[in-house]
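Shown next: entry_30.pdb, containing PDB, C-alpha atoms and all ligand atoms.
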```pdb
ATOM      1  CA  MET A  82       1.848   2.401  20.016  1.00  0.00           C
ATOM      2  CA  SER A  83      -1.769   2.088  18.897  1.00  0.00           C
ATOM      3  CA  SER A  84      -3.822  -0.773  20.299  1.00  0.00           C
ATOM      4  CA  LEU A  85      -4.259  -2.084  16.739  1.00  0.00           C
ATOM      5  CA  ALA A  86      -0.569  -2.465  16.138  1.00  0.00           C
ATOM      6  CA  SER A  87       0.768  -5.955  15.428  1.00  0.00           C
ATOM      7  CA  PRO A  88       2.329  -7.691  18.392  1.00  0.00           C
ATOM      8  CA  GLU A  89       6.042  -7.753  18.544  1.00  0.00           C
ATOM      9  CA  TYR A  90       7.639 -10.290  16.189  1.00  0.00           C
ATOM     10  CA  GLY A  91       8.380 -13.527  18.033  1.00  0.00           C
ATOM     11  CA  TRP A  92       5.645 -13.098  20.642  1.00  0.00           C
ATOM     12  CA  TRP A  93       5.037 -16.888  20.623  1.00  0.00           C
ATOM     13  CA  LYS A  94       8.575 -17.575  21.835  1.00  0.00           C
ATOM     14  CA  PRO A  95       9.816 -18.835  24.134  1.00  0.00           C
ATOM     15  CA  PHE A  96       7.265 -21.561  24.614  1.00  0.00           C
ATOM     16  CA  PRO A  97       6.561 -21.151  28.346  1.00  0.00           C
ATOM     17  CA  ARG A  98       7.666 -23.912  30.659  1.00  0.00           C
ATOM     18  CA  HIS A  99       4.161 -24.672  32.043  1.00  0.00           C
ATOM     19  CA  GLU A 100       2.794 -25.056  28.501  1.00  0.00           C
ATOM     20  CA  LYS A 101       5.445 -27.683  27.815  1.00  0.00           C
ATOM     21  CA  LEU A 102       4.486 -29.433  31.038  1.00  0.00           C
ATOM     22  CA  TRP A 103       0.822 -29.572  29.966  1.00  0.00           C
ATOM     23  CA  LEU A 104       1.827 -30.986  26.591  1.00  0.00           C
ATOM     24  CA  ILE A 105       3.816 -33.721  28.310  1.00  0.00           C
ATOM     25  CA  ILE A 106       0.944 -34.532  30.719  1.00  0.00           C
ATOM     26  CA  ILE A 107      -1.556 -34.714  27.839  1.00  0.00           C
ATOM     27  CA  GLY A 108       0.817 -36.858  25.759  1.00  0.00           C
ATOM     28  CA  VAL A 109       1.394 -39.301  28.624  1.00  0.00           C
ATOM     29  CA  ALA A 110      -2.353 -39.486  29.359  1.00  0.00           C
ATOM     30  CA  ALA A 111      -3.141 -40.152  25.678  1.00  0.00           C
ATOM     31  CA  VAL A 112      -0.585 -42.968  25.505  1.00  0.00           C
ATOM     32  CA  LEU A 113      -1.817 -44.506  28.780  1.00  0.00           C
ATOM     33  CA  LEU A 114      -5.471 -44.391  27.683  1.00  0.00           C
ATOM     34  CA  SER A 115      -4.565 -45.969  24.340  1.00  0.00           C
ATOM     35  CA  ILE A 116      -2.709 -48.796  26.106  1.00  0.00           C
ATOM     36  CA  ILE A 117      -5.594 -49.359  28.549  1.00  0.00           C
ATOM     37  CA  THR A 118      -8.087 -49.473  25.660  1.00  0.00           C
ATOM     38  CA  ILE A 119      -6.048 -52.056  23.766  1.00  0.00           C
ATOM     39  CA  VAL A 120      -5.391 -54.224  26.846  1.00  0.00           C
ATOM     40  CA  TRP A 121      -9.085 -54.033  27.787  1.00  0.00           C
ATOM     41  CA  ALA A 122     -10.240 -54.966  24.294  1.00  0.00           C
ATOM     42  CA  VAL A 123      -7.859 -57.931  24.068  1.00  0.00           C
ATOM     43  CA  SER A 124      -7.902 -59.361  27.576  1.00  0.00           C
ATOM     44  CA  GLY A 125     -11.167 -58.047  29.030  1.00  0.00           C
ATOM     45  CA  LYS A 126     -14.056 -60.464  28.945  1.00  0.00           C
ATOM     46  CA  GLN A 127     -16.073 -58.744  26.248  1.00  0.00           C
ATOM     47  CA  ASN A 128     -19.407 -60.278  25.468  1.00  0.00           C
ATOM     48  CA  VAL A 129     -20.143 -59.360  21.909  1.00  0.00           C
ATOM     49  CA  PRO A 130     -22.528 -60.762  19.316  1.00  0.00           C
ATOM     50  CA  VAL A 131     -21.010 -63.761  17.532  1.00  0.00           C
ATOM     51  CA  ALA A 132     -23.143 -63.431  14.417  1.00  0.00           C
ATOM     52  CA  SER A 133     -25.921 -61.418  12.880  1.00  0.00           C
ATOM     53  CA  TYR A 134     -28.337 -61.513   9.994  1.00  0.00           C
ATOM     54  CA  ASN A 135     -30.798 -59.159   8.356  1.00  0.00           C
ATOM     55  CA  VAL A 136     -34.394 -59.978   9.111  1.00  0.00           C
ATOM     56  CA  THR A 137     -37.642 -58.065   8.862  1.00  0.00           C
ATOM     57  CA  PRO A 138     -39.514 -57.573  12.129  1.00  0.00           C
ATOM     58  CA  ALA A 139     -42.361 -59.729  10.744  1.00  0.00           C
ATOM     59  CA  ALA A 140     -40.021 -62.587   9.799  1.00  0.00           C
ATOM     60  CA  PHE A 141     -38.289 -62.473  13.173  1.00  0.00           C
ATOM     61  CA  GLU A 142     -41.656 -62.421  14.929  1.00  0.00           C
ATOM     62  CA  LYS A 143     -42.499 -65.647  13.097  1.00  0.00           C
ATOM     63  CA  GLN A 144     -39.186 -67.217  14.186  1.00  0.00           C
ATOM     64  CA  VAL A 145     -39.899 -66.259  17.793  1.00  0.00           C
ATOM     65  CA  ALA A 146     -43.469 -67.576  17.544  1.00  0.00           C
ATOM     66  CA  ASP A 147     -42.302 -70.905  16.064  1.00  0.00           C
ATOM     67  CA  PHE A 148     -39.585 -71.235  18.694  1.00  0.00           C
ATOM     68  CA  THR A 149     -42.020 -70.369  21.488  1.00  0.00           C
ATOM     69  CA  ALA A 150     -44.623 -72.850  20.236  1.00  0.00           C
ATOM     70  CA  LYS A 151     -42.002 -75.600  19.974  1.00  0.00           C
ATOM     71  CA  HIS A 152     -40.590 -75.258  23.485  1.00  0.00           C
ATOM     72  CA  GLN A 153     -43.567 -73.813  25.368  1.00  0.00           C
ATOM     73  CA  ILE A 154     -43.714 -74.906  29.013  1.00  0.00           C
ATOM     74  CA  PRO A 155     -47.165 -76.408  29.537  1.00  0.00           C
ATOM     75  CA  GLY A 156     -49.317 -74.163  31.682  1.00  0.00           C
ATOM     76  CA  ALA A 157     -46.879 -71.240  31.593  1.00  0.00           C
ATOM     77  CA  THR A 158     -47.850 -68.986  28.702  1.00  0.00           C
ATOM     78  CA  GLY A 159     -44.935 -67.129  27.203  1.00  0.00           C
ATOM     79  CA  GLU A 160     -42.296 -69.246  28.954  1.00  0.00           C
ATOM     80  CA  VAL A 161     -40.069 -71.637  27.088  1.00  0.00           C
ATOM     81  CA  ARG A 162     -37.572 -74.258  28.193  1.00  0.00           C
ATOM     82  CA  VAL A 163     -34.661 -74.240  25.761  1.00  0.00           C
ATOM     83  CA  PRO A 164     -33.035 -77.655  25.374  1.00  0.00           C
ATOM     84  CA  PRO A 165     -29.210 -77.500  25.475  1.00  0.00           C
ATOM     85  CA  GLY A 166     -27.855 -77.288  21.943  1.00  0.00           C
ATOM     86  CA  GLU A 167     -30.848 -75.366  20.627  1.00  0.00           C
ATOM     87  CA  ASP A 168     -30.740 -71.676  19.810  1.00  0.00           C
ATOM     88  CA  ALA A 169     -33.030 -69.314  21.674  1.00  0.00           C
ATOM     89  CA  PHE A 170     -34.943 -66.380  20.213  1.00  0.00           C
ATOM     90  CA  LEU A 171     -35.843 -63.208  22.014  1.00  0.00           C
ATOM     91  CA  MET A 172     -38.011 -60.364  20.756  1.00  0.00           C
ATOM     92  CA  ALA A 173     -37.722 -56.849  22.141  1.00  0.00           C
ATOM     93  CA  ASN A 174     -40.739 -54.615  21.656  1.00  0.00           C
ATOM     94  CA  MET A 175     -42.412 -51.754  23.454  1.00  0.00           C
ATOM     95  CA  TRP A 176     -42.143 -52.576  26.366  1.00  0.00           C
ATOM     96  CA  SER A 177     -41.139 -56.109  27.082  1.00  0.00           C
ATOM     97  CA  PHE A 178     -38.890 -58.979  26.088  1.00  0.00           C
ATOM     98  CA  SER A 179     -40.476 -62.221  25.061  1.00  0.00           C
ATOM     99  CA  PRO A 180     -40.533 -65.069  25.686  1.00  0.00           C
ATOM    100  CA  VAL A 181     -39.200 -65.835  29.165  1.00  0.00           C
ATOM    101  CA  LEU A 182     -36.281 -68.201  28.619  1.00  0.00           C
ATOM    102  CA  HIS A 183     -35.538 -71.160  30.854  1.00  0.00           C
ATOM    103  CA  LEU A 184     -31.942 -72.261  30.363  1.00  0.00           C
ATOM    104  CA  LYS A 185     -29.859 -74.996  31.901  1.00  0.00           C
ATOM    105  CA  ALA A 186     -26.856 -73.938  34.013  1.00  0.00           C
ATOM    106  CA  GLY A 187     -23.446 -74.681  32.548  1.00  0.00           C
ATOM    107  CA  GLN A 188     -24.744 -75.172  29.003  1.00  0.00           C
ATOM    108  CA  PRO A 189     -23.706 -72.846  26.194  1.00  0.00           C
ATOM    109  CA  TYR A 190     -26.577 -71.189  24.305  1.00  0.00           C
ATOM    110  CA  THR A 191     -26.853 -68.788  21.431  1.00  0.00           C
ATOM    111  CA  ILE A 192     -29.619 -66.258  21.994  1.00  0.00           C
ATOM    112  CA  TRP A 193     -30.829 -64.498  18.842  1.00  0.00           C
ATOM    113  CA  MET A 194     -32.410 -61.148  19.491  1.00  0.00           C
ATOM    114  CA  SER A 195     -34.083 -58.512  17.418  1.00  0.00           C
ATOM    115  CA  ALA A 196     -36.571 -55.668  17.845  1.00  0.00           C
ATOM    116  CA  LYS A 197     -40.109 -55.409  16.561  1.00  0.00           C
ATOM    117  CA  ASP A 198     -40.526 -51.642  16.545  1.00  0.00           C
ATOM    118  CA  VAL A 199     -37.753 -49.289  17.656  1.00  0.00           C
ATOM    119  CA  LEU A 200     -34.212 -49.400  18.986  1.00  0.00           C
ATOM    120  CA  HIS A 201     -33.997 -51.184  22.336  1.00  0.00           C
ATOM    121  CA  GLY A 202     -31.159 -52.222  24.586  1.00  0.00           C
ATOM    122  CA  PHE A 203     -30.301 -55.494  26.226  1.00  0.00           C
ATOM    123  CA  SER A 204     -28.652 -55.618  29.618  1.00  0.00           C
ATOM    124  CA  LEU A 205     -28.452 -58.679  31.783  1.00  0.00           C
ATOM    125  CA  ALA A 206     -28.515 -57.681  35.448  1.00  0.00           C
ATOM    126  CA  GLY A 207     -25.201 -58.313  37.145  1.00  0.00           C
ATOM    127  CA  GLN A 208     -23.480 -59.481  33.955  1.00  0.00           C
ATOM    128  CA  ASN A 209     -21.047 -57.787  31.618  1.00  0.00           C
ATOM    129  CA  LEU A 210     -23.468 -57.848  28.715  1.00  0.00           C
ATOM    130  CA  ASN A 211     -24.891 -54.726  27.134  1.00  0.00           C
ATOM    131  CA  LEU A 212     -26.155 -54.551  23.586  1.00  0.00           C
ATOM    132  CA  MET A 213     -28.381 -52.554  21.326  1.00  0.00           C
ATOM    133  CA  ILE A 214     -31.251 -54.361  19.661  1.00  0.00           C
ATOM    134  CA  ALA A 215     -32.304 -52.860  16.378  1.00  0.00           C
ATOM    135  CA  PRO A 216     -35.247 -53.743  14.162  1.00  0.00           C
ATOM    136  CA  GLY A 217     -34.119 -55.276  10.877  1.00  0.00           C
ATOM    137  CA  HIS A 218     -31.159 -57.153  12.377  1.00  0.00           C
ATOM    138  CA  ALA A 219     -30.853 -60.228  14.556  1.00  0.00           C
ATOM    139  CA  TYR A 220     -27.797 -60.659  16.756  1.00  0.00           C
ATOM    140  CA  GLY A 221     -26.615 -63.946  18.146  1.00  0.00           C
ATOM    141  CA  VAL A 222     -25.083 -63.756  21.619  1.00  0.00           C
ATOM    142  CA  ARG A 223     -23.284 -66.707  23.119  1.00  0.00           C
ATOM    143  CA  ILE A 224     -23.883 -67.173  26.826  1.00  0.00           C
ATOM    144  CA  THR A 225     -23.216 -69.965  29.287  1.00  0.00           C
ATOM    145  CA  PRO A 226     -25.403 -69.396  32.346  1.00  0.00           C
ATOM    146  CA  GLN A 227     -23.562 -70.159  35.571  1.00  0.00           C
ATOM    147  CA  GLY A 228     -25.535 -70.656  38.771  1.00  0.00           C
ATOM    148  CA  PRO A 229     -29.277 -71.222  38.856  1.00  0.00           C
ATOM    149  CA  GLY A 230     -31.427 -68.180  39.446  1.00  0.00           C
ATOM    150  CA  THR A 231     -33.643 -65.602  37.825  1.00  0.00           C
ATOM    151  CA  TYR A 232     -31.775 -63.050  35.785  1.00  0.00           C
ATOM    152  CA  LEU A 233     -33.469 -59.809  34.902  1.00  0.00           C
ATOM    153  CA  ILE A 234     -33.131 -58.406  31.409  1.00  0.00           C
ATOM    154  CA  PHE A 235     -33.649 -54.709  31.133  1.00  0.00           C
ATOM    155  CA  CYS A 236     -33.716 -52.235  28.303  1.00  0.00           C
ATOM    156  CA  ASN A 237     -30.836 -49.780  28.376  1.00  0.00           C
ATOM    157  CA  GLU A 238     -31.874 -47.666  25.385  1.00  0.00           C
ATOM    158  CA  TYR A 239     -34.603 -45.065  25.715  1.00  0.00           C
ATOM    159  CA  CYS A 240     -37.546 -46.391  23.709  1.00  0.00           C
ATOM    160  CA  GLY A 241     -40.567 -44.392  24.747  1.00  0.00           C
ATOM    161  CA  LEU A 242     -42.826 -43.780  27.722  1.00  0.00           C
ATOM    162  CA  GLY A 243     -42.667 -47.329  29.047  1.00  0.00           C
ATOM    163  CA  HIS A 244     -38.884 -47.646  28.723  1.00  0.00           C
ATOM    164  CA  GLN A 245     -38.106 -47.711  32.436  1.00  0.00           C
ATOM    165  CA  ALA A 246     -40.501 -50.639  32.925  1.00  0.00           C
ATOM    166  CA  MET A 247     -39.207 -52.687  30.003  1.00  0.00           C
ATOM    167  CA  THR A 248     -37.871 -55.919  31.444  1.00  0.00           C
ATOM    168  CA  GLY A 249     -37.647 -59.598  30.684  1.00  0.00           C
ATOM    169  CA  LYS A 250     -36.397 -62.715  32.399  1.00  0.00           C
ATOM    170  CA  ILE A 251     -33.958 -65.538  31.924  1.00  0.00           C
ATOM    171  CA  ILE A 252     -34.457 -68.334  34.402  1.00  0.00           C
ATOM    172  CA  VAL A 253     -31.480 -70.621  34.893  1.00  0.00           C
ATOM    173  CA  GLU A 254     -32.288 -74.068  36.226  1.00  0.00           C
TER     174      GLU A 254
HETATM  175 CU1  LIG A 301     -36.868 -50.706  25.197  1.00  0.00          CU
HETATM  176 CU2  LIG A 301     -36.029 -48.910  26.456  1.00  0.00          CU
END
```

How would this structure read if it were set down as structure tokens?
Amino acid sequence: MSSLASPEYGWWKPFPRHEKLWLIIIGVAAVLLSIITIVWAVSGKQNVPVASYNVTPAAFEKQVADFTAKHQIPGATGEVRVPPGEDAFLMANMWSFSPVLHLKAGQPYTIWMSAKDVLHGFSLAGQNLNLMIAPGHAYGVRITPQGPGTYLIFCNEYCGLGHQAMTGKIIVE
């Protein structure tokens, strides 16, 4: 028989036992992962944006500036005290978050965030809250700060040479 001859008819049968076993293992794993994903999505405490709008970086910068001017803490440039019931605004740009937000513990807030230049990320240290912040869109995130303390915001999306130093602060009083 030449090496170019067709294999014997029926070479694919019988389906070997170990191949069947792998199929079963993969099938079970796929079903389990699907169930975990659904349970996680429904019952896990996901912290997702509650609303969004389109906004140019310049327009959002103005909103942040107006908000900062309105609630500026005297003597602390770039720090604002957000009264309960008021929305907060946060700008991400290379390589900082501004302003520093002072929030009251136990009060629900909506924080609107957007980016001035490139794609950034928003992570709140120790919290289950990770988002992308894109220029051109503002996202509203609903948070209710628990205990008092200083919470570090850091950027979780590579955004240039200063990325690893890009941080901000939320101070809960
Ligand atoms: Cu902003 Cu990384």

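Residues of protein, DNA or RNA lying at most 9 Å from ligand LIG 301 (chain A), when only C-alpha atoms and all ligand atoms are considered, are Ala173, Asn174, Met175, Trp176, Ser177, Phe178, Ala196, Val199, Leu200, His201, Gly202, Phe203, Ile214, Phe235, Cys236, Asn237, Glu238, Tyr239, Cys240, Gly241, Leu242, Gly243, His244, Gln245, Ala246, Met247 and Thr248 of chain A.
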
Could you write out that same residue set with C-alpha atoms as a CSV table (one decimal), in the frame of the given file?
```csv
chain,number,residue,atom,x,y,z
A,173,ALA,CA,-37.7,-56.8,22.1
A,174,ASN,CA,-40.7,-54.6,21.7
A,175,MET,CA,-42.4,-51.8,23.5
A,176,TRP,CA,-42.1,-52.6,26.4
A,177,SER,CA,-41.1,-56.1,27.1
A,178,PHE,CA,-38.9,-59.0,26.1
A,196,ALA,CA,-36.6,-55.7,17.8
A,199,VAL,CA,-37.8,-49.3,17.7
A,200,LEU,CA,-34.2,-49.4,19.0
A,201,HIS,CA,-34.0,-51.2,22.3
A,202,GLY,CA,-31.2,-52.2,24.6
A,203,PHE,CA,-30.3,-55.5,26.2
A,214,ILE,CA,-31.3,-54.4,19.7
A,235,PHE,CA,-33.6,-54.7,31.1
A,236,CYS,CA,-33.7,-52.2,28.3
A,237,ASN,CA,-30.8,-49.8,28.4
A,238,GLU,CA,-31.9,-47.7,25.4
A,239,TYR,CA,-34.6,-45.1,25.7
A,240,CYS,CA,-37.5,-46.4,23.7
A,241,GLY,CA,-40.6,-44.4,24.7
A,242,LEU,CA,-42.8,-43.8,27.7
A,243,GLY,CA,-42.7,-47.3,29.0
A,244,HIS,CA,-38.9,-47.6,28.7
A,245,GLN,CA,-38.1,-47.7,32.4
A,246,ALA,CA,-40.5,-50.6,32.9
A,247,MET,CA,-39.2,-52.7,30.0
A,248,THR,CA,-37.9,-55.9,31.4
```

Once the PyMOL selection byres (((chain A and resi 135) around 12) and not hetatm) has been applied to the shown file, what residues remain in the selection, as a CSV table (one decimal) with C-alpha atoms, in the frame of the given file?
```csv
chain,number,residue,atom,x,y,z
A,132,ALA,CA,-23.1,-63.4,14.4
A,133,SER,CA,-25.9,-61.4,12.9
A,134,TYR,CA,-28.3,-61.5,10.0
A,136,VAL,CA,-34.4,-60.0,9.1
A,137,THR,CA,-37.6,-58.1,8.9
A,138,PRO,CA,-39.5,-57.6,12.1
A,139,ALA,CA,-42.4,-59.7,10.7
A,140,ALA,CA,-40.0,-62.6,9.8
A,141,PHE,CA,-38.3,-62.5,13.2
A,193,TRP,CA,-30.8,-64.5,18.8
A,194,MET,CA,-32.4,-61.1,19.5
A,195,SER,CA,-34.1,-58.5,17.4
A,196,ALA,CA,-36.6,-55.7,17.8
A,215,ALA,CA,-32.3,-52.9,16.4
A,216,PRO,CA,-35.2,-53.7,14.2
A,217,GLY,CA,-34.1,-55.3,10.9
A,218,HIS,CA,-31.2,-57.2,12.4
A,219,ALA,CA,-30.9,-60.2,14.6
A,220,TYR,CA,-27.8,-60.7,16.8
A,221,GLY,CA,-26.6,-63.9,18.1
```

Around all of range 207-220 of chain A's listed atoms, make the axis-aligned box with 3 Å on each side and tell me centre and edge lengths in Å to one decimal, as JSON.
```
{"center_x": -28.1, "center_y": -56.6, "center_z": 24.0, "size_x": 20.2, "size_y": 14.1, "size_z": 32.3}
```

Just so the selection is clear, what residues does the PyMOL selection byres (((chain A and resi 207) around 10) and not hetatm) cover here, as a CSV table (one decimal) with C-alpha atoms, keeping the file's coordinate frame?
```
chain,number,residue,atom,x,y,z
A,204,SER,CA,-28.7,-55.6,29.6
A,205,LEU,CA,-28.5,-58.7,31.8
A,206,ALA,CA,-28.5,-57.7,35.4
A,208,GLN,CA,-23.5,-59.5,34.0
A,209,ASN,CA,-21.0,-57.8,31.6
A,210,LEU,CA,-23.5,-57.8,28.7
A,232,TYR,CA,-31.8,-63.0,35.8
A,233,LEU,CA,-33.5,-59.8,34.9
A,234,ILE,CA,-33.1,-58.4,31.4
```

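Going from CA of His152 in chain A to CA of Val253 in chain A covers 15.3 Å.
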
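Of the listed residues A:Gly249, A:Gln144, A:Val181, A:Lys197, the one whose atoms come nearest to Ala157 in chain A is A:Val181, with distances taken using only C-alpha atoms.
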
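Going from CA of Thr158 in chain A to CA of Ala146 in chain A covers 12.1 Å.
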
Ground truth for the PyMOL selection byres (((chain A and resi 185) around 7) and not hetatm), written as number ranges by chain: A: 165, 183-184, 186-188, 253-254

One-decimal distance in Å that lies between CA of Thr191 in chain A and CA of Val131 in chain A: 8.6 Å

When distances are computed from all atoms listed in the file, which of A:Val145, A:Pro97, A:Lys151, A:Ile224 shows the smallest separation from Leu171 in chain A? A:Val145

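Among the candidate residues A:Val163, A:Met172, A:Leu102, A:Val222, the one lying nearest to Ile192 in chain A is A:Val222, with distances computed using only C-alpha atoms.
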
May I ask which of the residues A:Val112, A:Trp103, A:Arg223, A:Asp147 is the closest one to Val129 in chain A, counting only C-alpha atoms? A:Arg223
